[in-house]
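File shown here: data-v6.cif, holding mmCIF, C-alpha atoms.
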```cif
data_final
#
loop_
_atom_site.label_atom_id
_atom_site.label_comp_id
_atom_site.auth_asym_id
_atom_site.auth_seq_id
_atom_site.Cartn_x
_atom_site.Cartn_y
_atom_site.Cartn_z
CA MET A 1 4.05 -5.43 -38.62
CA TYR A 2 0.41 -4.35 -38.36
CA THR A 3 -0.22 -0.91 -36.92
CA LYS A 4 -3.72 0.09 -35.89
CA LYS A 5 -4.80 3.38 -37.43
CA LEU A 6 -6.56 5.86 -35.22
CA THR A 7 -9.79 7.42 -36.37
CA THR A 8 -10.25 11.18 -36.54
CA LYS A 9 -12.42 11.08 -33.42
CA GLN A 10 -9.78 9.14 -31.48
CA ILE A 11 -7.06 11.57 -32.55
CA ILE A 12 -9.15 14.57 -31.44
CA LEU A 13 -9.93 12.94 -28.08
CA LYS A 14 -6.24 12.15 -27.57
CA ILE A 15 -5.26 15.76 -28.33
CA LEU A 16 -7.92 17.05 -25.93
CA LEU A 17 -6.66 14.65 -23.25
CA TYR A 18 -3.11 15.90 -23.62
CA PHE A 19 -4.38 19.48 -23.56
CA VAL A 20 -6.27 18.90 -20.30
CA VAL A 21 -3.29 17.15 -18.69
CA ILE A 22 -0.93 19.98 -19.68
CA ASP A 23 -3.36 22.58 -18.32
CA ILE A 24 -3.65 20.72 -15.01
CA CYS A 25 0.14 20.47 -14.73
CA ILE A 26 0.56 24.18 -15.43
CA PHE A 27 -2.17 25.10 -12.96
CA THR A 28 -0.61 22.87 -10.28
CA LEU A 29 3.04 23.79 -10.79
CA TYR A 30 2.66 27.54 -11.44
CA PRO A 31 2.62 28.52 -7.70
CA TYR A 32 5.93 26.70 -7.19
CA PHE A 33 7.37 28.40 -10.27
CA ALA A 34 6.26 31.79 -8.91
CA MET A 35 7.83 30.94 -5.53
CA PHE A 36 11.11 29.99 -7.20
CA CYS A 37 11.19 33.20 -9.25
CA SER A 38 10.38 35.34 -6.21
CA ALA A 39 13.11 33.61 -4.21
CA LEU A 40 15.61 34.83 -6.81
CA LYS A 41 14.60 38.49 -6.52
CA SER A 42 15.95 41.25 -4.33
CA ARG A 43 13.74 43.01 -1.80
CA ALA A 44 13.57 46.11 -4.01
CA GLU A 45 12.49 44.11 -7.03
CA ILE A 46 9.77 42.24 -5.10
CA PHE A 47 8.19 45.52 -3.94
CA SER A 48 8.70 47.23 -7.28
CA VAL A 49 5.53 48.62 -8.90
CA ASN A 50 6.69 47.52 -12.35
CA GLY A 51 7.75 44.07 -11.27
CA THR A 52 7.69 40.98 -13.48
CA ILE A 53 7.34 37.25 -12.82
CA LEU A 54 10.90 36.48 -13.91
CA PRO A 55 13.70 38.11 -11.92
CA VAL A 56 15.63 40.83 -13.76
CA GLU A 57 18.89 39.96 -11.98
CA PRO A 58 18.64 36.50 -10.32
CA MET A 59 20.12 36.50 -6.83
CA TRP A 60 21.14 32.91 -6.23
CA SER A 61 22.79 34.02 -3.00
CA ASN A 62 19.32 34.16 -1.39
CA PHE A 63 19.32 30.36 -1.16
CA ILE A 64 22.58 30.55 0.79
CA ASP A 65 21.77 33.61 2.90
CA VAL A 66 18.56 32.03 4.17
CA TRP A 67 20.61 29.43 6.06
CA LYS A 68 22.64 32.20 7.71
CA ARG A 69 19.66 34.33 8.71
CA ALA A 70 17.73 31.50 10.40
CA PRO A 71 18.62 28.11 11.99
CA LEU A 72 16.93 26.17 9.17
CA ALA A 73 19.11 23.12 9.77
CA GLN A 74 17.80 22.84 13.35
CA TYR A 75 14.23 23.38 12.17
CA ALA A 76 14.64 20.66 9.54
CA ILE A 77 16.05 18.21 12.09
CA ASN A 78 13.11 18.93 14.40
CA SER A 79 10.63 18.34 11.57
CA LEU A 80 12.40 15.11 10.66
CA LEU A 81 12.24 13.90 14.27
CA ILE A 82 8.56 14.82 14.58
CA ALA A 83 7.50 13.33 11.24
CA GLY A 84 9.63 10.21 11.64
CA GLY A 85 8.57 9.60 15.25
CA SER A 86 4.90 10.18 14.46
CA THR A 87 5.04 7.80 11.52
CA LEU A 88 6.77 5.08 13.53
CA LEU A 89 4.36 5.39 16.46
CA ALA A 90 1.27 5.48 14.23
CA MET A 91 2.43 2.36 12.37
CA LEU A 92 3.30 0.46 15.55
CA CYS A 93 -0.22 1.05 16.86
CA GLY A 94 -2.02 0.94 13.51
CA ILE A 95 -0.73 -2.36 12.12
CA PRO A 96 -1.98 -4.55 15.02
CA ALA A 97 -5.31 -2.68 15.09
CA ALA A 98 -5.79 -3.00 11.33
CA TYR A 99 -4.87 -6.68 11.43
CA ALA A 100 -7.34 -7.38 14.24
CA LEU A 101 -10.14 -5.55 12.45
CA SER A 102 -9.48 -7.38 9.19
CA ARG A 103 -9.03 -10.92 10.51
CA MET A 104 -10.67 -11.27 13.93
CA LYS A 105 -14.28 -11.26 15.09
CA PHE A 106 -14.95 -9.77 18.50
CA LYS A 107 -17.65 -7.87 20.34
CA GLY A 108 -17.66 -4.14 19.77
CA LYS A 109 -15.86 -4.36 16.42
CA THR A 110 -18.52 -2.32 14.59
CA ALA A 111 -18.62 0.27 17.36
CA PHE A 112 -14.84 0.59 17.30
CA LEU A 113 -14.85 1.12 13.53
CA GLY A 114 -17.47 3.82 13.97
CA PHE A 115 -15.35 5.48 16.63
CA VAL A 116 -12.36 5.46 14.28
CA ILE A 117 -14.41 7.15 11.55
CA VAL A 118 -15.76 9.79 13.95
CA SER A 119 -12.26 10.59 15.23
CA GLN A 120 -11.18 11.36 11.68
CA MET A 121 -13.84 14.08 11.41
CA PHE A 122 -12.15 16.45 13.86
CA ALA A 123 -9.35 18.66 12.57
CA PRO A 124 -6.51 19.61 14.93
CA VAL A 125 -7.47 23.30 14.72
CA VAL A 126 -10.86 22.51 16.30
CA LEU A 127 -9.29 20.70 19.24
CA VAL A 128 -6.20 22.84 19.67
CA ILE A 129 -7.28 24.32 23.03
CA GLY A 130 -8.09 20.91 24.48
CA ILE A 131 -4.86 19.50 23.10
CA TYR A 132 -2.88 22.27 24.76
CA LYS A 133 -4.54 21.64 28.14
CA VAL A 134 -3.90 17.89 27.93
CA MET A 135 -0.27 18.42 26.93
CA ALA A 136 0.15 20.93 29.77
CA VAL A 137 -1.12 18.41 32.31
CA LEU A 138 1.20 15.73 30.92
CA GLY A 139 4.14 18.13 30.77
CA PHE A 140 4.55 17.87 27.00
CA THR A 141 4.14 21.52 26.05
CA ASP A 142 7.11 23.00 24.21
CA SER A 143 8.26 19.45 23.54
CA ILE A 144 9.02 17.53 20.36
CA VAL A 145 7.79 14.36 22.07
CA GLY A 146 4.41 16.00 22.61
CA LEU A 147 4.12 16.84 18.92
CA ILE A 148 5.02 13.25 18.04
CA PHE A 149 2.15 11.93 20.18
CA VAL A 150 -0.35 14.45 18.79
CA ASN A 151 0.55 13.83 15.14
CA ALA A 152 0.51 10.06 15.62
CA ALA A 153 -2.93 10.28 17.24
CA PHE A 154 -4.42 12.37 14.44
CA ASN A 155 -3.06 10.03 11.77
CA GLN A 156 -4.15 6.86 13.57
CA ALA A 157 -7.63 6.63 11.99
CA PHE A 158 -6.21 6.95 8.46
CA THR A 159 -3.57 4.34 9.25
CA ILE A 160 -6.10 1.81 10.54
CA TRP A 161 -8.55 2.21 7.68
CA LEU A 162 -6.00 2.06 4.87
CA LEU A 163 -4.08 -0.90 6.33
CA ARG A 164 -7.31 -2.73 7.17
CA GLY A 165 -8.30 -2.55 3.51
CA THR A 166 -4.82 -3.70 2.50
CA PHE A 167 -4.94 -6.73 4.82
CA MET A 168 -8.46 -7.63 3.68
CA SER A 169 -7.25 -7.74 0.07
CA ILE A 170 -4.78 -10.52 1.00
CA SER A 171 -6.10 -14.07 1.11
CA PRO A 172 -6.28 -15.54 4.66
CA GLU A 173 -5.18 -18.91 3.24
CA MET A 174 -1.60 -17.65 3.17
CA GLU A 175 -1.58 -17.18 6.94
CA GLN A 176 -3.39 -20.47 7.47
CA ALA A 177 -0.69 -22.26 5.47
CA ALA A 178 1.95 -20.58 7.62
CA THR A 179 0.24 -21.68 10.85
CA ILE A 180 0.12 -25.24 9.54
CA ASP A 181 3.88 -25.05 9.05
CA GLY A 182 4.28 -24.10 12.71
CA CYS A 183 4.08 -20.29 12.72
CA THR A 184 2.16 -18.47 15.40
CA ARG A 185 -0.32 -15.75 14.45
CA ILE A 186 2.24 -13.05 15.16
CA GLN A 187 4.93 -14.85 13.16
CA ALA A 188 2.51 -15.27 10.25
CA LEU A 189 1.74 -11.56 10.41
CA ILE A 190 5.41 -10.56 10.40
CA ARG A 191 6.78 -13.14 7.93
CA ILE A 192 3.88 -13.55 5.52
CA LEU A 193 1.34 -10.74 5.72
CA LEU A 194 3.58 -7.69 6.10
CA PRO A 195 5.85 -8.45 3.10
CA VAL A 196 2.80 -9.02 0.87
CA ALA A 197 1.17 -5.82 2.18
CA ALA A 198 4.34 -3.78 1.54
CA PRO A 199 2.80 -1.45 -1.12
CA GLY A 200 -0.06 -0.48 1.19
CA ILE A 201 2.30 -0.05 4.14
CA VAL A 202 4.64 2.18 2.14
CA THR A 203 1.71 4.29 0.95
CA THR A 204 0.49 4.69 4.52
CA LEU A 205 3.98 5.60 5.71
CA ILE A 206 4.30 8.32 3.12
CA PHE A 207 0.96 9.93 3.83
CA ILE A 208 1.53 9.92 7.59
CA PHE A 209 5.02 11.38 7.17
CA ILE A 210 3.77 14.15 4.87
CA ASN A 211 0.87 15.02 7.19
CA ALA A 212 3.21 15.22 10.18
CA TRP A 213 5.84 17.16 8.19
CA ASN A 214 3.28 19.76 7.04
CA GLU A 215 1.46 20.16 10.38
CA TYR A 216 1.42 23.77 11.50
CA THR A 217 -1.42 24.72 13.88
CA VAL A 218 -0.64 22.41 16.81
CA ALA A 219 3.10 23.00 16.50
CA LEU A 220 2.54 26.76 16.56
CA THR A 221 0.42 26.38 19.71
CA LEU A 222 2.59 23.96 21.66
CA ILE A 223 6.12 25.08 20.77
CA SER A 224 7.49 28.37 22.08
CA THR A 225 11.24 27.70 22.22
CA ASP A 226 12.91 28.66 18.95
CA THR A 227 15.28 25.67 18.95
CA SER A 228 12.34 23.23 19.21
CA LYS A 229 10.27 24.63 16.35
CA PRO A 230 9.66 22.51 13.25
CA LEU A 231 10.39 23.90 9.80
CA THR A 232 6.77 24.90 9.07
CA VAL A 233 6.72 27.16 12.13
CA GLY A 234 10.37 28.21 12.09
CA ILE A 235 10.26 29.86 8.67
CA ASN A 236 7.87 32.44 10.14
CA ILE A 237 11.02 34.14 11.37
CA PHE A 238 11.02 35.96 8.01
CA ASN A 239 7.48 37.20 8.64
CA GLY A 240 8.21 40.24 10.76
CA TYR A 241 5.91 42.84 12.29
CA ASN A 242 7.13 45.62 10.03
CA MET A 243 8.18 43.78 6.88
CA ILE A 244 7.99 40.34 5.32
CA GLU A 245 11.21 39.21 3.66
CA TRP A 246 9.47 37.43 0.82
CA GLN A 247 12.63 36.36 -0.98
CA TYR A 248 13.88 34.46 2.07
CA LEU A 249 10.43 33.17 3.00
CA PHE A 250 9.96 31.67 -0.47
CA ALA A 251 13.48 30.23 -0.50
CA ALA A 252 12.94 28.59 2.90
CA SER A 253 9.55 27.26 1.76
CA LEU A 254 11.15 25.62 -1.27
CA PHE A 255 13.65 23.89 1.00
CA ALA A 256 10.73 22.77 3.20
CA ILE A 257 8.87 21.04 0.37
CA LEU A 258 11.99 19.48 -1.14
CA PRO A 259 12.07 16.37 1.15
CA VAL A 260 8.42 15.63 0.34
CA VAL A 261 9.10 15.84 -3.40
CA ILE A 262 12.12 13.53 -3.11
CA LEU A 263 10.05 11.12 -1.02
CA PHE A 264 7.30 10.96 -3.62
CA MET A 265 9.78 10.42 -6.45
CA GLY A 266 11.28 7.49 -4.57
CA ILE A 267 8.04 5.62 -3.84
CA GLU A 268 5.70 6.64 -6.68
CA LYS A 269 5.61 3.06 -8.00
CA ASN A 270 4.07 1.83 -4.75
CA LEU A 271 1.39 4.52 -4.48
CA THR A 272 -1.08 3.18 -7.06
CA SER A 273 -1.00 -0.42 -5.88
CA GLY A 274 -1.04 0.66 -2.23
CA LEU A 275 -4.08 2.92 -2.61
CA THR A 276 -5.90 0.28 -4.65
CA ALA A 277 -5.26 -2.39 -2.04
CA GLY A 278 -6.50 -0.06 0.67
CA GLY A 279 -9.74 0.55 -1.17
CA VAL A 280 -11.26 -2.88 -0.50
CA LYS A 281 -14.71 -2.69 1.01
CA GLY A 282 -15.11 -4.61 4.27
#
```
Whole structure given in structure tokens:
Amino acid sequence: MYTKKLTTKQIILKILLYFVVIDICIFTLYPYFAMFCSALKSRAEIFSVNGTILPVEPMWSNFIDVWKRAPLAQYAINSLLIAGGSTLLAMLCGIPAAYALSRMKFKGKTAFLGFVIVSQMFAPVVLVIGIYKVMAVLGFTDSIVGLIFVNAAFNQAFTIWLLRGTFMSISPEMEQAATIDGCTRIQALIRILLPVAAPGIVTTLIFIFINAWNEYTVALTLISTDTSKPLTVGINIFNGYNMIEWQYLFAASLFAILPVVILFMGIEKNLTSGLTAGGVKG
């Protein structure tokens, strides 16, 4: 069996590549490692002048005590409802809009695309006062439903653009063949287009869910009742006026990022193909 021999230059470049990748991984993962180590420390050790990165006596009980000191389960359920509802609503509105923009020709299409781009330029923190006034008029302040609407609205532009690119990468002949066989346009969309566009749809779902799960500013502004707070806002219970309980704050933060990590591990195979399909120029 013939094996290609690498030149000295290729070997050096490969070593440098591995070195860069390892450095990036260390740089990216070190904050989480520091959080994990701090979550295992006692309050005295965290505020110790001669403290170290690694805990002297790991206190695994911190990960159990944090559930007793705060209603994290309720916060997690609220975050799940907000992220899941926002994702579902954004997809229900985004898929028809993306399909229409990728397949149909109508007046005002260019203007609508421009409006979608402009809407993506505004961060929630810039519009938080206006959002609060609108939600107050509609009666959605201090409401999980209100947060679902807000998060779905802010993720709508991303949903439309990514799915539009995904649909444009799929040949229209597939839908035309389905219509010849007797399918309506909607049936062709559901039975033919959506299964083929599954990687792009999954990628869009994940990004919307993560954005809604991590949202903080609007939730902090709209929600005042403790039982309605999402996890990102609820863990501030450990950030007191007189003292911050860092060990519990870090432990709760690790629990907060755990669902996102699990989600990425489950769908990582679809991310590359989904992002590539969504990158088609139209």
Counting all atoms listed in the file, which residues of segment 107-167 of chain A sit at most 9 Å from some atom of segment 227-243 of chain A, and what is each one's closest atom pair with its distance in Å to one decimal, listed by chain and rising residue number, as JSON lines?
```
{"residue": "A:Asp142", "atom": "CA", "partner": "A:Ser228", "partner_atom": "CA", "distance": 7.2}
{"residue": "A:Ser143", "atom": "CA", "partner": "A:Ser228", "partner_atom": "CA", "distance": 7.0}
{"residue": "A:Ile144", "atom": "CA", "partner": "A:Ser228", "partner_atom": "CA", "distance": 6.7}
```
Selection result for the PyMOL selection byres ((chain A and resi 72) around 8) on this file, as an NGL selection string: :A and (66-67 or 70-71 or 73-76 or 231 or 234-235 or 252)
Atoms kept (C-alpha atoms) for selection, written as a PDB file, in the coordinates of the input:
```
ATOM      1  CA  VAL A  66      18.560  32.030   4.170  1.00  0.00           C
ATOM      2  CA  TRP A  67      20.610  29.430   6.060  1.00  0.00           C
ATOM      3  CA  ALA A  70      17.730  31.500  10.400  1.00  0.00           C
ATOM      4  CA  PRO A  71      18.620  28.110  11.990  1.00  0.00           C
ATOM      5  CA  ALA A  73      19.110  23.120   9.770  1.00  0.00           C
ATOM      6  CA  GLN A  74      17.800  22.840  13.350  1.00  0.00           C
ATOM      7  CA  TYR A  75      14.230  23.380  12.170  1.00  0.00           C
ATOM      8  CA  ALA A  76      14.640  20.660   9.540  1.00  0.00           C
ATOM      9  CA  LEU A 231      10.390  23.900   9.800  1.00  0.00           C
ATOM     10  CA  GLY A 234      10.370  28.210  12.090  1.00  0.00           C
ATOM     11  CA  ILE A 235      10.260  29.860   8.670  1.00  0.00           C
ATOM     12  CA  ALA A 252      12.940  28.590   2.900  1.00  0.00           C
TER      13      ALA A 252
END
```
9 Å contact set for segment 55-57 of chain A, only C-alpha atoms, chain neighbours under 3 positions out, as a PyMOL selection string: chain A and resi 37-42+45-46+51-52
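Straight-line separation from atom CA of Ala90 of chain A to atom CA of Ala152 of chain A: 4.8 Å.
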Using all atoms listed in the file, tabulate the residues of segment 58-122 of chain A lying at most 10 Å from any atom of segment 193-203 of chain A, each with its closest atom pair and that distance in Å to one decimal, by chain and increasing residue number, as JSON lines.
```
{"residue": "A:Met91", "atom": "CA", "partner": "A:Ile201", "partner_atom": "CA", "distance": 8.6}
{"residue": "A:Ile95", "atom": "CA", "partner": "A:Ile201", "partner_atom": "CA", "distance": 8.8}
{"residue": "A:Tyr99", "atom": "CA", "partner": "A:Leu193", "partner_atom": "CA", "distance": 9.4}
```
With distances taken over only C-alpha atoms, the candidate from A:Gln156, A:Thr28, A:Thr141, A:Asn214 nearest Ala256 of chain A is A:Asn214
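With atom CA of Ala83 of chain A on one side and atom CA of Leu138 of chain A on the other, the separation reads 20.8 Å.
Comparing A:Phe27, A:Trp246, A:Phe255, A:Tyr216 by their smallest distance to Phe47 of chain A, the closest is A:Trp246 (using all atoms listed in the file).
Between atom CA of Ser169 of chain A and atom CA of Ile206 of chain A the interatomic distance comes to 20.0 Å.
Counting all atoms listed in the file, segment 101-114 of chain A has the following residues at most 10 Å away, ignoring those fewer than 3 positions along the same chain: A:Ile95, A:Pro96, A:Ala97, A:Ala98, A:Ile117, A:Val118, A:Ser119, A:Ala157, A:Ile160, A:Trp161, A:Leu163, A:Arg164, A:Gly165, A:Thr166, A:Phe167, A:Met168, A:Ser169, A:Ile170, A:Pro172, A:Gly282.
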Could you tell me which residues the PyMOL selection byres ((chain A and resi 178) around 12) grabs in this file, written as a PDB file with C-alpha atoms, in the frame of the given file?
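Ended up saving to out26.pdb:
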```pdb
ATOM      1  CA  PRO A 172      -6.280 -15.540   4.660  1.00  0.00           C
ATOM      2  CA  GLU A 173      -5.180 -18.910   3.240  1.00  0.00           C
ATOM      3  CA  MET A 174      -1.600 -17.650   3.170  1.00  0.00           C
ATOM      4  CA  GLU A 175      -1.580 -17.180   6.940  1.00  0.00           C
ATOM      5  CA  GLN A 176      -3.390 -20.470   7.470  1.00  0.00           C
ATOM      6  CA  ALA A 177      -0.690 -22.260   5.470  1.00  0.00           C
ATOM      7  CA  THR A 179       0.240 -21.680  10.850  1.00  0.00           C
ATOM      8  CA  ILE A 180       0.120 -25.240   9.540  1.00  0.00           C
ATOM      9  CA  ASP A 181       3.880 -25.050   9.050  1.00  0.00           C
ATOM     10  CA  GLY A 182       4.280 -24.100  12.710  1.00  0.00           C
ATOM     11  CA  CYS A 183       4.080 -20.290  12.720  1.00  0.00           C
ATOM     12  CA  THR A 184       2.160 -18.470  15.400  1.00  0.00           C
ATOM     13  CA  ARG A 185      -0.320 -15.750  14.450  1.00  0.00           C
ATOM     14  CA  ILE A 186       2.240 -13.050  15.160  1.00  0.00           C
ATOM     15  CA  GLN A 187       4.930 -14.850  13.160  1.00  0.00           C
ATOM     16  CA  ALA A 188       2.510 -15.270  10.250  1.00  0.00           C
ATOM     17  CA  LEU A 189       1.740 -11.560  10.410  1.00  0.00           C
ATOM     18  CA  ILE A 190       5.410 -10.560  10.400  1.00  0.00           C
ATOM     19  CA  ARG A 191       6.780 -13.140   7.930  1.00  0.00           C
ATOM     20  CA  ILE A 192       3.880 -13.550   5.520  1.00  0.00           C
ATOM     21  CA  LEU A 193       1.340 -10.740   5.720  1.00  0.00           C
TER      22      LEU A 193
END
```
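Nearest to Ile210 of chain A of all the residues A:Cys93, A:Val150, A:Ile82, A:Leu127 is A:Ile82, based on all atoms listed in the file.
All residues of protein, DNA or RNA that reach within 8 Å of Thr217 of chain A, judged by all atoms listed in the file and not counting those fewer than 2 positions away in the chain, are A:Pro124, A:Val125, A:Val128, A:Glu215, A:Ala219, A:Leu220, A:Thr221.
Among the candidates A:Gly146, A:Phe250, A:Ala212, A:Leu54, the residue lying nearest to Lys133 of chain A is A:Gly146 (atoms considered: all atoms listed in the file).
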Six-sided padding of 8 Å per side, axis-aligned box over segment 108-111 of chain A, centre and edges in Å, one decimal, as AutoDock Vina command-line options:
```
--center_x -17.2 --center_y -2.0 --center_z 17.2 --size_x 18.8 --size_y 20.6 --size_z 21.2
```
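Comparing A:Ile64, A:Ile223, A:Ile131, A:Thr204 by their smallest distance to Leu162 of chain A, the closest is A:Thr204 (using all atoms listed in the file).
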